[in-house]
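First the structure, in the form of structure tokens, and then the observations on it.
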Amino acid sequence: MEFFLRLYKLLTHRQVVMLRQSREDHTPDRGTVAAGLKENLAVLQSIFSKAPDLIIRSFIYKQSGQRAALVYLCGLVDKNSINNNVLYQLMFEPIDESQHMTNLPITIGDLKSTQQWSQIELMLLEGHSILFLEGAELAYSLDTQGWPQRAISDSQIEASLKGAHQGFIESGWQNVALLRRMLSTRELKMIELYVGSRVRCKVTILYLEDLALPELVQELHNRLMELNIDCVLNTGELTEYLEDRPFSLLPQFITTERPDTAASQLLQGRICVVVDRSSSVMIAPVGIAAFFQGVDDYSTRWPVATFMRILRFVACFIAAFLPGIYIACISFNVEVIPLDLILSIGQFRAAVPFPPLLEALLMELMLEMLREAGVRLPAPVGQTVGIVGGIVIGQAAVQAGIVSNLMVVVVASTAVASFILPNFDMAAAIRLIRFPVMFIASMFGIIGIVACFMTLIIHLVQLRSLGESYSTPIAPVRIKDWKDVFIRMPLWSMKNRPDSIRSLQKTRIGPKRRL
Amino acid sequence: MDAALKPSKSNRITTLQFILIIHSMQLGVGIISMPKDVADVSGTDGWIAIILGWILSTAASLIIVQVMKKYPDGSIIDLIEHYFGKWIGKLAMALFAVYFLLYAYLIFDRMVLLTQSWIMQQTQSWVLMLLFVIPAYMLIKGGVRDIGRFAEITFFASIWMVFVISTLFKDGNWLHLLPVLKEGWLPVIRTVNTTILSFLGFECIFFIYPHLEKKQSASKGVIIANTLTMLIYLFITIICFLVFSPDEITFFNDAVISAVKIIEFRFIERFDLLILSIYLMVIAKTWISALFMSVYCTSRLIVGKYYVHAGIFLVAMVITNYALNTGWNESIEASGYFSKIGFAVAFIGPVCLWLVLLVMSQFKRWQT
């Protein structure tokens, strides 16, 4: 009985919610702008009720003597330009008989006229100011955008030594401008669209028209159009809605804060998505290899870059499997370890009362907590936490007999290895993979690790990013592309664009080296 | 039939994938006991039999390709249905389903036995089986293309083993091979019986041919695949013959692992454990591919998604293993019987089919 009651309550509650939602969906269409200024302002007041940041400035338009009103949301506009380029011009500019009335004496570049109230509402919310004139059945929208924003600075999570020190910021048009500066070619095309049913967010798709496959652009466009979200605050949110396999551990798109990374990806035929109000840019489609390519790889000399590449692959393997291998060797396959080493391990392990899995979990969790704490705290305190934690992990835990010496070495090298990967999302995924590997290793030993590795490879092979294979060029094998995967060959030797990223143009234009 | 199983743009395979799927079906558990099996019959001349076996298996593979060319857009099932009618098609489905299911189970069982006797002595064999159920299910669900990609990665990830094993040459004695043909050709020819069976697996061409992107490279592909397998067999067998003396070798059931056991580095002991563990990946793709071919047939024969069938079969395999609790003797005995069926399916079947099709294509009715 109680169950039915609950069910009933649940259902009615849902109905109420649905009703409320449907009411919100059908905000009355207010139609077009009227001729009278007073009526217009009244409509405006009703749209923006309880909005103290809505400024309405009424004045007399000097040229024609009409009454006029300028409306904007303070904080979203550039006050200087409103005062000097709009209000001053309209109120004090001397009468010029030769000018037509519609030719307003406003010194602002982007001036549009509009009639729809829905349009006006959106314009206001985006930081435009709207000019109403008595007797005119239209309103003018002036581009006076200027909201609080930070200066362009180096990216925090993707620091680079030799790359550009400009990072994306939280305003979409500036990010587009940064990309435009990197790739000043007319082939750079953009598609603008709005995402979000409650709060609209401008999303720009950028691609090089002579490189990117039209069907991929179309696919991405379709996926964005089909989205039905309340609001997008961050690129990370958007990627979660666009992914091919939402339950996978691995990131299926790259999000970057660096314009040079984004530009180099665009040059390889990939597509960029700039989300307004977010400082990172999404890149699609990507393969596993792209996560191992750092920005500095192309600005350092190629032998060094090659070494770094190999180091990253080794580090990735260590970060995912080393604790598992340690557990497997200690608890199952002791015979693999050389005799001298096993003796010293035995000596240390004798003092530790825990099984290897518990010992490893303890240290790994401690390490993850330290890492997370270090991220949240301000820099000076974070450092202290690091040092205290380091000492606790490194020395005190061993002396207290909680963990063995070798475990500390294993955990520490795992930690260092996991920070080598240039992409944050990938590094986080790899760190997570380590835990199931540890569990399986403690149950099945080295066989368990092989089974984990197999599962991981099978998953990699099956992943898709925007419908494109994720594991290229490793599988399907494209040996020619390996020039830029495990090693980085000299740039002048990469005459062809990678086969693994399908693009319209197969050869790069003029990679010649003067001998 | 599932749409995912039909050859389409989304599950085409490249020539390299075609080669490596065939190669990976051939190379599996057989190699581990091969040196002993060969030496039992013909002593250290056995390696010649491998080459003879290779010639026969390549010929059989080429015949299969010729058969498949008669109906390039479908698998062997479609071909039989087209030429012989629906019911014979169903019979062929059942036959292939049972054949590949046995193939998969026997190798899976052997793989687990190997693991159990070399690495995990105290673990029950069905528990070890359980460990590979999930990856197998995932891979089968992915279809031919993913099997091909997995074969590629595994192949490239296991090449290093060849180099490690070649360090054994310094422990070998080339005199073990001499004199060549010490007892004449007869023992060698008798060994061919054993060696051609170790090339079994190329019959998967029946099922993967329609997925091949460039059909004209099929013949080249099967030759390369067989050659690759032959080279690896030859390499391993000769290494074992060099390392062990001609009399000694017949005492080692898993001669390859025993040979690898000799390898020892300063930083790692018991290299055989490591190599065998990683070689499990190579073995796994043998039976996983076979199971895929099996569910390909059953999902056409009976209703249902092919991966659901795969799941059921995998669980059934674990239960069978738990219930029967078989050991090495049963496994070897069963493989003996199975190899007779394998010989019929992979060698006699294609030849007969080819001859029948040749005759049939003389008549107008079947020329289209």
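Letters A, B, ... go to the chains of the structure tokens in the order shown; residues in each chain start at 1; ligands are counted from 1 in the same order.
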Item to complete: Using only C-alpha atoms, find the residues of chain A whose closest atom to chain B is at most 12 Å away, then write them as a PyMOL selection string.
Response: chain A and resi 325+328-329+331-342+440-441+443-464+467-479
Discussion item. Taking the DSSP secondary structure from the backbone, can you list the residues of region 392-488 of chain A that are alpha helix (DSSP H), as an MDAnalysis selection string?
Written reply: chainID A and resid 397:399 405:418 424:462
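Proximity ranking of A:Thr306, A:Asn80, A:Asn103, A:Gln45 relative to Gln63 (chain A) places A:Asn103 first, based on only C-alpha atoms.
Residue nearest Phe292 (chain B) within the list B:Pro187, B:Gly311, B:Gly74, B:Gly304: B:Gly311 [criterion: smallest interatomic distance, only C-alpha atoms].
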Fill in: Polymer residues at most 10 Å from Gly53 (chain B), only C-alpha atoms, same-chain spacing of 5 or more positions, as a VMD selection string
chain B and resid 47 to 48 58 to 59 189 191 to 199 230
Discussion item. Set the distance at 6 Å and use only C-alpha atoms: which residues neighbour region 271-278 of chain A once local chain neighbours fewer than 6 positions away are removed? I'd like the list as a list of chain:residue names.
Written reply: A:Glu170, A:Ser171, A:Gly172, A:Lys202, A:Val203, A:Thr204, A:Ile205, A:Leu206, A:Tyr207, A:Asn234, A:Ala284
Discussion item. I want to know what sits within 10 Å of region 360-366 of chain A, based on only C-alpha atoms, with residues of the same chain fewer than 6 positions away left out; could you give that as a list in words?
Written reply: Pro323, Gly324, Tyr326, Ile327, Phe354, Glu372, Gly389, Val392, Ile393, Ala397, Ile402, Val403, Ser404, Met407, Val408, Val410, Val411, Ala412, Thr414, Ala415, Arg431, Arg434, Phe435, Met438 and Phe439 of chain A
